[in-house]
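Pasted below: final_11.txt, compact mmCIF, C-alpha atoms.
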```
# COMPACT_ATOMS: atom_id res chain seq x y z
CA MET A 130 0.00 0.00 0.00
CA ALA A 131 1.48 3.33 -0.98
CA LEU A 132 0.81 6.92 -0.17
CA GLU A 133 -1.02 7.14 -3.49
CA ASP A 134 -3.76 5.12 -1.78
CA ILE A 135 -4.55 8.07 0.48
CA PRO A 136 -7.92 9.46 -0.63
CA ARG A 137 -7.84 12.73 -2.52
CA LEU A 138 -10.55 15.25 -3.09
CA GLY A 139 -11.58 16.27 -6.59
CA CYS A 140 -9.39 19.38 -6.23
CA GLY A 141 -6.31 17.18 -5.68
CA ARG A 142 -5.82 17.83 -1.93
CA SER A 143 -5.20 14.67 0.11
CA ILE A 144 -7.35 13.89 3.13
CA ASP A 145 -4.14 13.31 5.05
CA ARG A 146 -2.97 16.88 4.40
CA ILE A 147 -6.30 18.39 5.39
CA TRP A 148 -6.32 16.31 8.57
CA ALA A 149 -2.76 17.36 9.46
CA THR A 150 -3.66 21.05 9.21
CA ILE A 151 -7.18 20.87 10.59
CA ASP A 152 -6.34 22.98 13.64
CA ARG A 153 -4.86 25.79 11.54
CA LEU A 154 -6.65 28.51 9.65
CA PRO A 155 -7.70 27.42 6.16
CA THR A 156 -5.22 28.14 3.38
CA ALA A 157 -6.11 30.52 0.54
CA HIS A 158 -7.08 27.50 -1.57
CA GLU A 159 -9.18 25.94 1.18
CA GLU A 160 -11.02 29.22 1.75
CA HIS A 161 -12.31 29.17 -1.80
CA CYS A 162 -12.57 25.41 -2.45
CA GLU A 163 -15.96 24.00 -1.63
CA GLN A 164 -14.67 20.41 -1.49
CA CYS A 165 -11.92 21.37 0.95
CA GLN A 166 -14.37 23.31 3.12
CA THR A 167 -16.76 20.33 3.27
CA ALA A 168 -13.90 17.94 4.02
CA ARG A 169 -12.55 20.26 6.74
CA THR A 170 -15.97 20.56 8.36
CA ARG A 171 -16.52 16.79 8.32
CA LEU A 172 -13.04 16.01 9.62
CA GLN A 173 -13.37 18.62 12.37
CA ARG A 174 -16.64 16.99 13.37
CA LEU A 175 -14.92 13.59 13.37
CA GLY A 176 -12.03 14.97 15.45
CA GLU A 177 -14.41 16.36 18.06
CA ALA A 178 -16.53 13.20 18.13
CA THR A 179 -13.36 11.10 18.54
CA ARG A 180 -12.19 13.23 21.44
CA LEU A 181 -15.58 12.97 23.13
CA LEU A 182 -15.80 9.21 22.56
CA CYS A 183 -12.32 8.74 24.09
CA GLU A 184 -13.35 10.77 27.10
CA SER A 185 -16.69 9.01 27.40
CA ASP A 186 -15.19 5.50 27.13
CA LEU A 187 -12.52 6.36 29.69
CA HIS A 188 -15.08 7.33 32.32
CA ASP A 189 -17.89 4.97 31.43
CA PRO A 190 -18.34 2.54 34.35
CA ALA A 191 -19.94 0.04 31.97
CA LEU A 192 -16.79 -0.11 29.86
CA LYS A 193 -14.76 -2.02 32.40
CA PRO A 194 -14.21 -5.74 32.88
CA ARG A 195 -15.73 -7.37 35.96
CA PRO A 196 -13.37 -7.53 38.99
CA GLY A 197 -13.49 -11.32 38.60
CA ILE A 198 -11.40 -11.02 35.44
CA GLU A 199 -8.44 -9.54 37.29
CA ASN A 200 -8.79 -12.23 39.95
CA ALA A 201 -8.84 -14.98 37.33
CA ILE A 202 -5.67 -13.59 35.69
CA MET A 203 -3.88 -13.35 39.03
CA ASP A 204 -5.01 -16.88 40.00
CA VAL A 205 -3.29 -18.23 36.89
CA ALA A 206 -0.18 -16.12 37.59
CA ARG A 207 0.00 -17.36 41.19
CA ALA A 208 -0.45 -20.97 40.12
CA GLU A 209 2.29 -20.72 37.52
CA VAL A 210 4.70 -18.35 39.26
CA ARG A 211 8.36 -18.95 38.76
CA ARG A 212 9.77 -19.18 42.28
CA GLY A 213 13.36 -19.19 41.12
CA SER A 214 15.88 -21.63 42.40
CA SER A 215 16.36 -22.47 46.01
CA ILE A 216 19.71 -21.64 47.48
CA LEU A 217 21.28 -24.24 49.71
CA LEU A 218 22.63 -22.52 52.80
CA ARG A 219 23.62 -25.50 54.85
CA SER A 220 23.76 -29.24 54.45
CA ALA A 221 24.42 -31.57 57.37
CA ASP A 222 23.41 -34.98 58.57
CA SER A 223 20.66 -33.33 60.58
CA GLY A 224 19.14 -31.79 57.43
CA THR A 225 19.47 -29.03 54.87
CA THR A 226 18.57 -25.34 54.98
CA GLU A 227 17.51 -23.63 51.78
CA ILE A 228 16.13 -20.21 50.94
CA SER A 229 14.31 -19.24 47.76
CA GLU A 230 15.90 -16.75 45.39
CA GLN A 231 12.53 -14.99 45.38
CA ALA A 232 12.66 -14.33 49.13
CA LEU A 233 16.16 -12.91 48.90
CA SER A 234 15.21 -10.81 45.86
CA SER A 235 12.33 -9.26 47.78
CA LEU A 236 14.68 -8.29 50.57
CA ILE A 237 17.14 -6.80 48.09
CA ARG A 238 14.39 -4.79 46.36
CA VAL A 239 13.21 -3.35 49.66
CA ALA A 240 16.80 -2.34 50.41
CA ALA A 241 17.17 -0.79 46.94
CA ALA A 242 13.96 1.20 47.38
CA ALA A 243 15.69 3.11 50.18
CA ILE A 244 18.21 4.58 47.74
CA PRO A 245 16.85 7.61 45.86
CA GLY A 246 17.33 7.47 42.11
CA VAL A 247 17.43 3.68 41.83
CA HIS A 248 14.73 1.33 40.52
CA SER A 249 15.72 -2.29 41.01
CA ARG A 250 14.86 -4.67 38.18
CA ARG A 251 15.93 -8.29 37.70
CA CYS A 252 17.90 -10.05 40.41
CA ARG A 253 19.89 -13.28 40.24
CA ILE A 254 21.53 -14.78 43.29
CA GLU A 255 24.09 -17.52 43.58
CA ILE A 256 25.88 -18.94 46.57
CA ARG A 257 29.42 -20.00 46.95
CA SER A 258 31.05 -21.54 49.98
CA ALA A 259 33.95 -19.54 51.43
CA THR A 260 36.51 -22.08 50.40
CA ALA A 261 35.11 -22.96 46.96
CA SER A 262 36.90 -20.23 45.05
CA PRO A 263 40.36 -18.74 45.26
CA ALA A 264 40.55 -15.56 47.27
CA GLY A 265 39.75 -12.50 45.22
CA GLU A 266 37.83 -14.26 42.44
CA ASP A 267 34.66 -12.33 43.15
CA HIS A 268 36.38 -9.24 44.33
CA PRO A 269 36.81 -6.74 41.54
CA SER A 270 38.42 -3.73 43.16
CA GLY A 271 36.12 -1.65 45.29
CA THR A 272 32.99 -3.65 44.60
CA THR A 273 32.68 -6.11 47.43
CA ARG A 274 31.62 -6.52 51.00
CA THR A 275 32.90 -9.35 53.02
CA ALA A 276 30.39 -11.75 54.48
CA THR A 277 29.75 -11.13 58.13
CA ASN A 278 30.63 -14.67 59.08
CA ALA A 279 32.82 -17.41 57.76
CA GLY A 280 29.86 -19.24 56.18
CA PRO A 281 28.74 -19.29 52.56
CA ARG A 282 28.82 -16.07 50.56
CA LEU A 283 26.04 -14.82 48.37
CA ILE A 284 26.75 -13.42 44.94
CA VAL A 285 24.02 -10.93 44.08
CA ASN A 286 23.61 -9.82 40.47
CA LEU A 287 21.22 -6.91 40.32
CA TRP A 288 20.06 -4.94 37.28
CA VAL A 289 18.71 -1.46 37.91
CA ALA A 290 17.39 1.64 36.17
CA ALA A 291 18.91 4.89 37.43
CA ALA A 292 17.38 8.34 37.48
CA GLN A 293 18.87 10.66 34.91
CA GLY A 294 21.30 13.11 36.48
CA ILE A 295 22.39 11.09 39.51
CA VAL A 296 26.06 10.35 40.21
CA ILE A 297 26.02 6.69 39.30
CA PRO A 298 29.23 5.40 40.99
CA ARG A 299 28.39 7.01 44.33
CA THR A 300 24.74 5.97 44.20
CA MET A 301 25.60 2.37 43.33
CA GLU A 302 28.10 2.20 46.15
CA ALA A 303 25.35 3.35 48.53
CA LEU A 304 23.07 0.69 47.05
CA ARG A 305 25.75 -1.97 47.50
CA GLN A 306 26.18 -0.98 51.15
CA GLU A 307 22.42 -0.98 51.73
CA ILE A 308 22.13 -4.52 50.34
CA GLY A 309 25.24 -5.57 52.28
CA ASN A 310 23.55 -4.42 55.49
CA ALA A 311 20.05 -5.68 54.68
CA LEU A 312 20.93 -9.30 53.98
CA PRO A 313 22.63 -10.09 57.31
CA ALA A 314 19.98 -8.07 59.16
CA GLY A 315 17.07 -9.72 57.33
CA VAL A 316 18.15 -13.34 56.95
CA GLY A 317 21.49 -13.62 58.72
CA ILE A 318 23.53 -14.25 55.57
CA GLY A 319 26.29 -11.99 54.35
CA ALA A 320 26.38 -10.65 50.81
CA GLY A 321 29.83 -11.52 49.56
CA THR A 322 29.56 -9.83 46.19
CA VAL A 323 26.98 -7.41 44.84
CA ASN A 324 27.30 -6.93 41.08
CA ILE A 325 25.15 -4.06 39.82
CA THR A 326 24.34 -3.32 36.20
CA VAL A 327 22.68 -0.03 35.31
CA GLU A 328 20.72 -1.14 32.26
CA ASP A 329 18.53 1.92 31.75
CA LEU A 330 18.02 5.53 32.76
CA TYR A 331 14.59 6.87 33.58
CA ASP A 332 13.19 10.39 33.45
CA VAL A 333 12.51 12.00 36.77
CA MET B 107 3.74 5.90 37.98
CA GLY B 108 0.20 6.85 38.91
CA ASP B 109 -1.38 4.32 36.55
CA HIS B 110 0.07 1.49 38.51
CA GLY B 111 -2.01 1.87 41.61
CA PRO B 112 -1.22 2.26 45.26
CA GLY B 113 1.21 0.26 47.35
CA PHE B 114 4.19 0.29 44.96
CA GLU B 115 7.20 2.59 44.87
CA PRO B 116 5.29 5.63 43.63
CA ASP B 117 7.49 6.77 40.76
CA LEU B 118 8.54 3.35 39.52
CA ASP B 119 9.04 3.37 35.74
CA GLU B 120 7.16 0.79 33.71
CA GLY B 121 10.36 -0.87 32.44
CA SER B 122 11.36 -1.67 36.02
CA ILE B 123 7.89 -3.04 36.82
CA VAL B 124 8.03 -5.27 33.73
CA ALA B 125 11.53 -6.47 34.64
CA ARG B 126 10.35 -7.43 38.12
CA ALA B 127 7.34 -9.24 36.71
CA GLN B 128 9.75 -11.13 34.43
CA ASP B 129 11.49 -12.25 37.62
CA GLY B 130 8.21 -13.72 38.85
CA ASP B 131 7.25 -10.78 41.08
CA LEU B 132 3.47 -11.13 41.39
CA GLU B 133 2.96 -7.67 42.83
CA ALA B 134 4.68 -6.17 39.80
CA PHE B 135 2.56 -8.23 37.42
CA GLU B 136 -0.60 -7.22 39.25
CA HIS B 137 0.31 -3.59 38.68
CA LEU B 138 0.63 -4.28 34.97
CA VAL B 139 -2.77 -6.00 35.00
CA LEU B 140 -4.29 -2.98 36.74
CA ALA B 141 -2.62 -0.58 34.32
CA TYR B 142 -3.66 -2.39 31.14
CA GLN B 143 -6.91 -4.26 31.77
CA TYR B 144 -9.13 -1.23 31.17
CA LYS B 145 -7.24 -0.10 28.08
CA ILE B 146 -7.40 -3.58 26.58
CA PHE B 147 -11.07 -3.86 27.47
CA ARG B 148 -11.92 -0.56 25.75
CA LEU B 149 -10.03 -1.61 22.63
CA ALA B 150 -11.64 -5.06 22.56
CA TYR B 151 -15.11 -3.70 23.22
CA ARG B 152 -14.85 -1.24 20.33
CA MET B 153 -13.51 -4.03 18.10
CA LEU B 154 -16.09 -6.67 19.07
CA ASN B 155 -19.11 -4.79 20.47
CA ASP B 156 -19.60 -7.51 23.03
CA HIS B 157 -18.94 -7.06 26.74
CA GLY B 158 -18.36 -10.75 27.50
CA GLU B 159 -16.04 -11.31 24.55
CA ALA B 160 -14.09 -8.16 25.43
CA GLU B 161 -13.61 -9.56 28.94
CA ASP B 162 -12.37 -12.83 27.44
CA ILE B 163 -9.83 -10.87 25.37
CA VAL B 164 -8.59 -9.07 28.51
CA GLN B 165 -8.20 -12.34 30.37
CA GLU B 166 -6.54 -14.21 27.50
CA THR B 167 -4.21 -11.32 26.64
CA LEU B 168 -2.93 -10.76 30.15
CA THR B 169 -2.63 -14.48 30.90
CA THR B 170 -0.68 -14.95 27.67
CA SER B 171 1.53 -12.01 28.64
CA TRP B 172 2.34 -13.61 31.98
CA ARG B 173 3.37 -16.84 30.28
CA GLY B 174 5.42 -15.06 27.64
CA LEU B 175 6.98 -12.30 29.76
CA ALA B 176 10.34 -14.02 30.06
CA MET B 177 10.72 -13.90 26.27
CA LEU B 178 10.16 -10.15 26.04
CA ALA B 179 13.65 -8.84 25.29
CA ASP B 180 12.92 -5.13 25.72
CA VAL B 181 11.05 -4.27 28.91
CA ASP B 182 10.07 -0.90 27.45
CA ALA B 183 8.20 -2.68 24.65
CA PHE B 184 5.62 -4.19 27.02
CA GLY B 185 2.82 -1.75 26.14
CA GLY B 186 3.20 -2.28 22.40
CA TRP B 187 3.40 -6.03 22.88
CA ILE B 188 0.24 -6.22 25.00
CA TYR B 189 -1.69 -4.14 22.46
CA ARG B 190 -0.41 -6.41 19.69
CA LEU B 191 -1.55 -9.54 21.54
CA ALA B 192 -4.98 -8.05 22.22
CA THR B 193 -5.51 -6.71 18.71
CA ASN B 194 -4.60 -10.00 17.09
CA LYS B 195 -6.87 -11.92 19.44
CA CYS B 196 -9.72 -9.59 18.44
CA LEU B 197 -8.97 -10.02 14.74
CA ASP B 198 -8.83 -13.82 15.17
CA LEU B 199 -12.20 -13.77 16.89
CA LEU B 200 -13.72 -11.63 14.15
CA ARG B 201 -12.37 -14.03 11.52
CA LYS B 202 -14.02 -16.91 13.39
CA ARG B 203 -17.28 -14.98 13.55
CA SER B 204 -17.04 -14.27 9.87
CA ALA B 205 -16.41 -17.96 9.18
CA HIS B 206 -19.62 -18.72 11.04
CA ALA B 207 -21.36 -16.22 8.78
CA VAL B 208 -22.56 -14.17 11.69
CA ASN B 209 -22.31 -10.53 10.85
CA CYS B 210 -22.00 -8.83 14.20
CA THR B 211 -20.74 -5.55 12.84
CA GLN B 212 -24.04 -4.08 11.79
CA PRO B 213 -25.38 -1.41 14.16
CA GLU B 214 -28.60 -3.33 14.83
CA ASP B 215 -26.56 -6.30 16.09
CA MET B 216 -24.51 -4.25 18.49
CA ASP B 217 -24.65 -4.73 22.22
CA THR B 218 -27.62 -2.62 23.20
CA SER B 219 -27.90 -3.58 26.84
CA PRO B 220 -28.56 -0.65 29.17
CA GLU B 221 -25.02 -0.98 30.54
CA ALA B 222 -23.52 -0.84 27.09
CA CYS B 223 -25.66 2.13 26.15
CA ALA B 224 -24.87 4.03 29.32
CA ARG B 225 -22.50 6.87 28.65
CA ALA B 226 -20.46 9.02 30.94
CA VAL B 227 -21.87 12.48 30.56
CA PRO B 228 -19.81 15.51 31.49
CA ALA B 229 -21.07 17.26 34.59
CA GLY B 230 -22.99 20.42 33.88
CA SER B 231 -23.98 19.53 30.29
CA ASP B 232 -27.27 20.96 29.18
CA PRO B 233 -29.76 18.39 27.83
CA ALA B 234 -29.74 19.72 24.26
CA HIS B 235 -25.96 19.67 24.05
CA GLU B 236 -25.91 16.26 25.71
CA ALA B 237 -28.32 14.84 23.13
CA GLU B 238 -26.31 16.29 20.25
CA TRP B 239 -23.11 14.97 21.77
CA SER B 240 -24.61 11.53 22.24
CA ALA B 241 -25.88 11.47 18.63
CA GLU B 242 -22.40 12.36 17.33
CA GLN B 243 -20.92 9.44 19.23
CA ASP B 244 -23.65 7.10 18.04
CA GLY B 245 -22.85 8.16 14.48
CA LEU B 246 -19.14 7.65 14.97
CA THR B 247 -19.46 4.21 16.54
CA ALA B 248 -22.09 3.09 14.00
CA VAL B 249 -19.84 4.01 11.06
CA LEU B 250 -16.76 2.65 12.81
CA ASN B 251 -18.46 -0.72 12.99
CA THR B 252 -18.92 -0.85 9.24
CA LEU B 253 -15.15 -0.62 8.61
CA PRO B 254 -13.21 -3.82 7.85
CA PRO B 255 -11.70 -5.19 11.11
CA ALA B 256 -8.06 -4.37 10.32
CA GLN B 257 -8.94 -0.81 9.32
CA ARG B 258 -11.04 -0.40 12.47
CA ALA B 259 -8.15 -1.73 14.58
CA CYS B 260 -5.79 0.72 12.89
CA TRP B 261 -8.10 3.67 13.62
CA LEU B 262 -8.78 2.60 17.24
CA LEU B 263 -5.10 2.00 18.03
CA ARG B 264 -4.10 5.41 16.69
CA GLU B 265 -7.02 7.66 17.53
CA MET B 266 -8.37 6.14 20.75
CA HIS B 267 -5.16 4.68 22.18
CA GLY B 268 -2.40 6.90 20.76
CA ARG B 269 -0.15 4.05 19.60
CA SER B 270 2.65 4.86 17.15
CA TYR B 271 2.55 4.20 13.39
CA ALA B 272 5.54 1.86 13.76
CA GLU B 273 3.86 -0.17 16.48
CA ILE B 274 0.54 -0.38 14.64
CA GLY B 275 2.45 -1.47 11.54
CA VAL B 276 4.08 -4.35 13.45
CA THR B 277 0.69 -5.35 14.90
CA LEU B 278 -1.10 -5.36 11.55
CA LYS B 279 1.95 -6.61 9.62
CA ILE B 280 2.04 -3.58 7.34
CA SER B 281 4.56 -0.76 6.87
CA PRO B 282 4.24 2.55 8.75
CA THR B 283 3.48 4.15 5.37
CA ALA B 284 0.63 1.72 4.86
CA VAL B 285 -0.62 2.54 8.37
CA ARG B 286 -0.76 6.19 7.33
CA GLY B 287 -2.74 5.31 4.21
CA THR B 288 -5.11 3.03 6.11
CA LEU B 289 -5.73 5.72 8.71
CA ALA B 290 -6.41 8.38 6.10
CA ARG B 291 -8.96 6.13 4.39
CA ALA B 292 -10.55 5.25 7.73
CA ARG B 293 -10.89 8.93 8.65
CA HIS B 294 -12.30 9.74 5.24
CA GLU B 295 -14.83 6.91 5.40
CA ILE B 296 -15.90 7.66 8.95
CA ALA B 297 -16.23 11.40 8.26
CA GLU B 298 -18.27 10.71 5.13
CA GLY B 299 -20.35 8.08 6.90
CA MET B 300 -21.10 10.37 9.83
CA SER B 301 -22.36 13.06 7.47
CA GLU B 302 -24.82 10.57 6.00
CA TRP B 303 -25.77 8.93 9.27
CA ARG B 304 -29.48 9.30 10.14
```

What does this structure look like when you write it as structure tokens?
Amino acid sequence: MALEDIPRLGCGRSIDRIWATIDRLPTAHEEHCEQCQTARTRLQRLGEATRLLCESDLHDPALKPRPGIENAIMDVARAEVRRGSSILLRSADSGTTEISEQALSSLIRVAAAAIPGVHSRRCRIEIRSATASPAGEDHPSGTTRTATNAGPRLIVNLWVAAAQGIVIPRTMEALRQEIGNALPAGVGIGAGTVNITVEDLYDV
Amino acid sequence: MGDHGPGFEPDLDEGSIVARAQDGDLEAFEHLVLAYQYKIFRLAYRMLNDHGEAEDIVQETLTTSWRGLAMLADVDAFGGWIYRLATNKCLDLLRKRSAHAVNCTQPEDMDTSPEACARAVPAGSDPAHEAEWSAEQDGLTAVLNTLPPAQRACWLLREMHGRSYAEIGVTLKISPTAVRGTLARARHEIAEGMSEWR
């Protein structure tokens, strides 16, 4: 389909052009062309009717789905929710202790919400025992906190959006510290490494 | 973001909400449901003229979105994607109707229940203006329902929902230039039809 398919009046003016200039004063041609005047009047009427219909539909209580629809959607979501993997904290003859990635993510998001200019997004968490990797493997300079005990260390990978205009390095360091404090305080596990990726900027 | 209801970080951008929903965060997904269910319903109702079927489209679209969220590469594309899912579900349903030779697009077949006919009237309108206003809308919707489904979808997505030419083109599998042509013809036909209505 090409632009040639756009309807034209007998005088040669395209409907598209008349529509695009409908809010302006008529041109010299349009002032004297009966076809253009008729088309302008009809399109203005359509424009006004469209605006009113939009407004009317938006506020019409009958043009809403029943509340049961939202409930049905959320029932499916709850039944099929991806809980993420469970993280094994401790394994002994007496039994194992695991925590879901989802639970830790929630804690991390609450911590992130305390830092102005940061919107947390996806979160992936791994665990590594203190002796499983050579010292320094997860310690890029200036980016780590040491676990508060000698137990397993969490590796948090967090993606965030940052407000435009903030000082990103300083803000992310504050975020890292907030998460480093929240995890031991909330679940008693230290965050060994907090990797943050700023994947987007948002308008304030 | 005000559209996303109470109880969430108040200025959270939609991309972040979508990303959290991709992580399985139910609260984030619920905010998306709240933000889009009414928009999708209004689109589906104007496409199908049936309250129950429009509700089915809302439910199917948002359930499908939950199942497919992980595959959405660009979190900022969620709005366009959800409109695309809903529009195509409406067009599929209209094709099925057409296959059953039931023409539901004529004005006399439209949903005429009191609820469907009820209109939000601006406060302070005088009765004469109100009646004229209501007649204009009746004319617009009656003519709109005579347009072919894809053309109607194109007009609704642009004029009632403000979606971009590029996005509408992807939804209807046509170029942005063809969207412009389709819109111009839809406007022309509706404007002409309204002048002849009644």

Provide the atom CA of B:Ala284 to atom CA of A:Ile151 distance in Å, to one decimal place. 21.5 Å

6 Å contacts from chain A to chain B using only C-alpha atoms, as number ranges by chain: A: 130, 132, 135, 145, 171-172, 175, 178, 183, 185, 188-189, 191, 193-194, 202, 210-211, 250-251

Pick out the closest residue to A:Ile318 from this set: A:Cys140, A:Ile198, A:Ala243, A:Leu233. Count all atoms listed in the file. A:Leu233

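For the pair atom CA of A:Thr170 and atom CA of B:Val249, the interatomic distance is 17.2 Å.
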
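Between atom CA of B:Lys202 and atom CA of B:Tyr189 there is a distance of 19.9 Å.
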
Repair of stretch 141-157 of chain B at the level of N, CA and C atoms, as a short mmCIF file (atom, residue, chain, number, x, y, z; two decimals), in the coordinates of the input:
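Okay, result_31.cif is ready:
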```
data_model
loop_
_atom_site.label_atom_id
_atom_site.label_comp_id
_atom_site.auth_asym_id
_atom_site.auth_seq_id
_atom_site.Cartn_x
_atom_site.Cartn_y
_atom_site.Cartn_z
N ALA B 141 -2.89 -1.69 35.25
CA ALA B 141 -2.62 -0.58 34.32
C ALA B 141 -3.20 -0.84 32.94
N TYR B 142 -3.28 -2.11 32.53
CA TYR B 142 -3.66 -2.39 31.14
C TYR B 142 -5.05 -3.01 30.96
N GLN B 143 -5.65 -3.54 32.01
CA GLN B 143 -6.91 -4.26 31.77
C GLN B 143 -8.01 -3.36 31.21
N TYR B 144 -8.07 -2.12 31.66
CA TYR B 144 -9.13 -1.23 31.17
C TYR B 144 -8.86 -0.78 29.75
N LYS B 145 -7.59 -0.50 29.45
CA LYS B 145 -7.24 -0.10 28.08
C LYS B 145 -7.56 -1.22 27.10
N ILE B 146 -7.16 -2.44 27.47
CA ILE B 146 -7.40 -3.58 26.58
C ILE B 146 -8.90 -3.82 26.44
N PHE B 147 -9.62 -3.64 27.55
CA PHE B 147 -11.07 -3.86 27.47
C PHE B 147 -11.70 -2.86 26.51
N ARG B 148 -11.32 -1.59 26.62
CA ARG B 148 -11.92 -0.56 25.75
C ARG B 148 -11.61 -0.84 24.27
N LEU B 149 -10.38 -1.27 24.01
CA LEU B 149 -10.03 -1.61 22.63
C LEU B 149 -10.88 -2.79 22.14
N ALA B 150 -10.92 -3.85 22.96
CA ALA B 150 -11.64 -5.06 22.56
C ALA B 150 -13.13 -4.80 22.42
N TYR B 151 -13.67 -3.97 23.31
CA TYR B 151 -15.11 -3.70 23.22
C TYR B 151 -15.44 -2.96 21.93
N ARG B 152 -14.60 -1.99 21.57
CA ARG B 152 -14.85 -1.24 20.33
C ARG B 152 -14.58 -2.09 19.10
N MET B 153 -13.74 -3.11 19.23
CA MET B 153 -13.51 -4.03 18.10
C MET B 153 -14.66 -5.02 17.96
N LEU B 154 -15.17 -5.51 19.10
CA LEU B 154 -16.09 -6.67 19.07
C LEU B 154 -17.54 -6.33 19.39
N ASN B 155 -17.76 -5.19 20.06
CA ASN B 155 -19.11 -4.79 20.47
C ASN B 155 -19.80 -5.84 21.32
N ASP B 156 -19.03 -6.49 22.16
CA ASP B 156 -19.60 -7.51 23.03
C ASP B 156 -18.84 -7.49 24.36
N HIS B 157 -19.56 -7.22 25.43
CA HIS B 157 -18.94 -7.06 26.74
C HIS B 157 -18.23 -8.35 27.19
#
```
